[in-house]
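J.: Dumping the structure here so I can ask a few things about it.
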Amino acid sequence: MRFDLTDLQLFVHILDCGTLTAAAGRAHMTLASASERVRGMEAQLG
């Protein structure tokens, strides 16, 4: 299991903001990109 720093930062933003949309904005990425990163983290965690 290996996470990119951007993945971990996005995860923290999701916790802080409460929504993926707000977290994506704070992370300066599109909602689609943020969603794809979350799917990747979920796949790695099982």
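Going by the structure tokens order, chains are called A, B, ..., each with residues numbered from 1, while ligands are numbered from 1 in the order shown.
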Show which residues sit within 12 Å of A:Arg2, as a list in words. Count only C-alpha atoms, and ignore same-chain residues fewer than 3 positions away.
T.: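 Once the nearby chain positions are removed, what remains is Leu5, Thr6, Asp7, Leu8, Gly40, Met41, Glu42, Ala43, Gln44 and Leu45 of chain A.
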J.: Give me a file of those residues, with N, CA and C atoms, as a PDB file, in the first residue's frame.
T.:
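Wrote it out as part-v1.pdb, contents follow:
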```
ATOM      1  N   LEU A   5       1.553  11.951  -1.653  1.00  0.00           N
ATOM      2  CA  LEU A   5       1.320  13.060  -0.728  1.00  0.00           C
ATOM      3  C   LEU A   5       0.039  13.810  -1.091  1.00  0.00           C
ATOM      4  N   THR A   6      -0.251  13.948  -2.369  1.00  0.00           N
ATOM      5  CA  THR A   6      -1.475  14.619  -2.805  1.00  0.00           C
ATOM      6  C   THR A   6      -2.710  13.868  -2.322  1.00  0.00           C
ATOM      7  N   ASP A   7      -2.651  12.534  -2.339  1.00  0.00           N
ATOM      8  CA  ASP A   7      -3.772  11.731  -1.842  1.00  0.00           C
ATOM      9  C   ASP A   7      -4.012  12.012  -0.364  1.00  0.00           C
ATOM     10  N   LEU A   8      -2.941  12.040   0.404  1.00  0.00           N
ATOM     11  CA  LEU A   8      -3.071  12.271   1.846  1.00  0.00           C
ATOM     12  C   LEU A   8      -3.568  13.685   2.139  1.00  0.00           C
ATOM     13  N   GLY A  40      -9.063   5.437  -5.864  1.00  0.00           N
ATOM     14  CA  GLY A  40      -7.775   4.746  -5.793  1.00  0.00           C
ATOM     15  C   GLY A  40      -7.382   4.415  -4.361  1.00  0.00           C
ATOM     16  N   MET A  41      -7.607   5.369  -3.449  1.00  0.00           N
ATOM     17  CA  MET A  41      -7.303   5.108  -2.036  1.00  0.00           C
ATOM     18  C   MET A  41      -8.195   3.999  -1.493  1.00  0.00           C
ATOM     19  N   GLU A  42      -9.473   4.031  -1.857  1.00  0.00           N
ATOM     20  CA  GLU A  42     -10.403   2.991  -1.399  1.00  0.00           C
ATOM     21  C   GLU A  42      -9.973   1.620  -1.906  1.00  0.00           C
ATOM     22  N   ALA A  43      -9.528   1.556  -3.145  1.00  0.00           N
ATOM     23  CA  ALA A  43      -9.099   0.281  -3.722  1.00  0.00           C
ATOM     24  C   ALA A  43      -7.871  -0.263  -2.990  1.00  0.00           C
ATOM     25  N   GLN A  44      -6.958   0.629  -2.612  1.00  0.00           N
ATOM     26  CA  GLN A  44      -5.757   0.194  -1.906  1.00  0.00           C
ATOM     27  C   GLN A  44      -6.063  -0.252  -0.482  1.00  0.00           C
ATOM     28  N   LEU A  45      -7.030   0.404   0.139  1.00  0.00           N
ATOM     29  CA  LEU A  45      -7.361   0.064   1.523  1.00  0.00           C
ATOM     30  C   LEU A  45      -8.262  -1.161   1.628  1.00  0.00           C
TER      31      LEU A  45
END
```
J.: Excluding A:Leu20 and its own-chain neighbours fewer than 3 positions away, which residues fall within 8 Å of it when counting only C-alpha atoms? Please give them as a list of chain:residue names.
T.: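 The neighbour list is A:Ile14, A:Cys17, A:Ala23, A:Ala24, A:Leu31, A:Ala34, A:Ser35.
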J.: For the selection just defined, write its residues with N, CA and C atoms to a file, as a compact mmCIF listing (two decimals), in the first residue's frame.
T.:
```
# COMPACT_ATOMS: atom_id res chain seq x y z
N ILE A 14 -10.77 16.60 2.86
CA ILE A 14 -12.12 16.04 2.95
C ILE A 14 -12.59 16.05 4.40
N CYS A 17 -13.21 19.84 5.34
CA CYS A 17 -14.30 20.51 4.63
C CYS A 17 -15.64 19.80 4.78
N ALA A 23 -13.44 19.97 -0.74
CA ALA A 23 -12.06 19.49 -0.60
C ALA A 23 -11.31 19.59 -1.93
N ALA A 24 -11.98 19.25 -3.02
CA ALA A 24 -11.35 19.36 -4.34
C ALA A 24 -10.98 20.80 -4.64
N LEU A 31 -13.38 18.10 -9.39
CA LEU A 31 -14.12 17.11 -8.63
C LEU A 31 -13.87 15.71 -9.20
N ALA A 34 -10.45 14.53 -8.00
CA ALA A 34 -10.51 14.19 -6.57
C ALA A 34 -11.24 12.87 -6.37
N SER A 35 -12.32 12.68 -7.08
CA SER A 35 -13.09 11.45 -6.97
C SER A 35 -12.26 10.24 -7.40
```
J.: To one decimal in Å, tell me the separation between atom CA of A:Arg26 and atom CA of A:Phe11.
T.: 11.3 Å
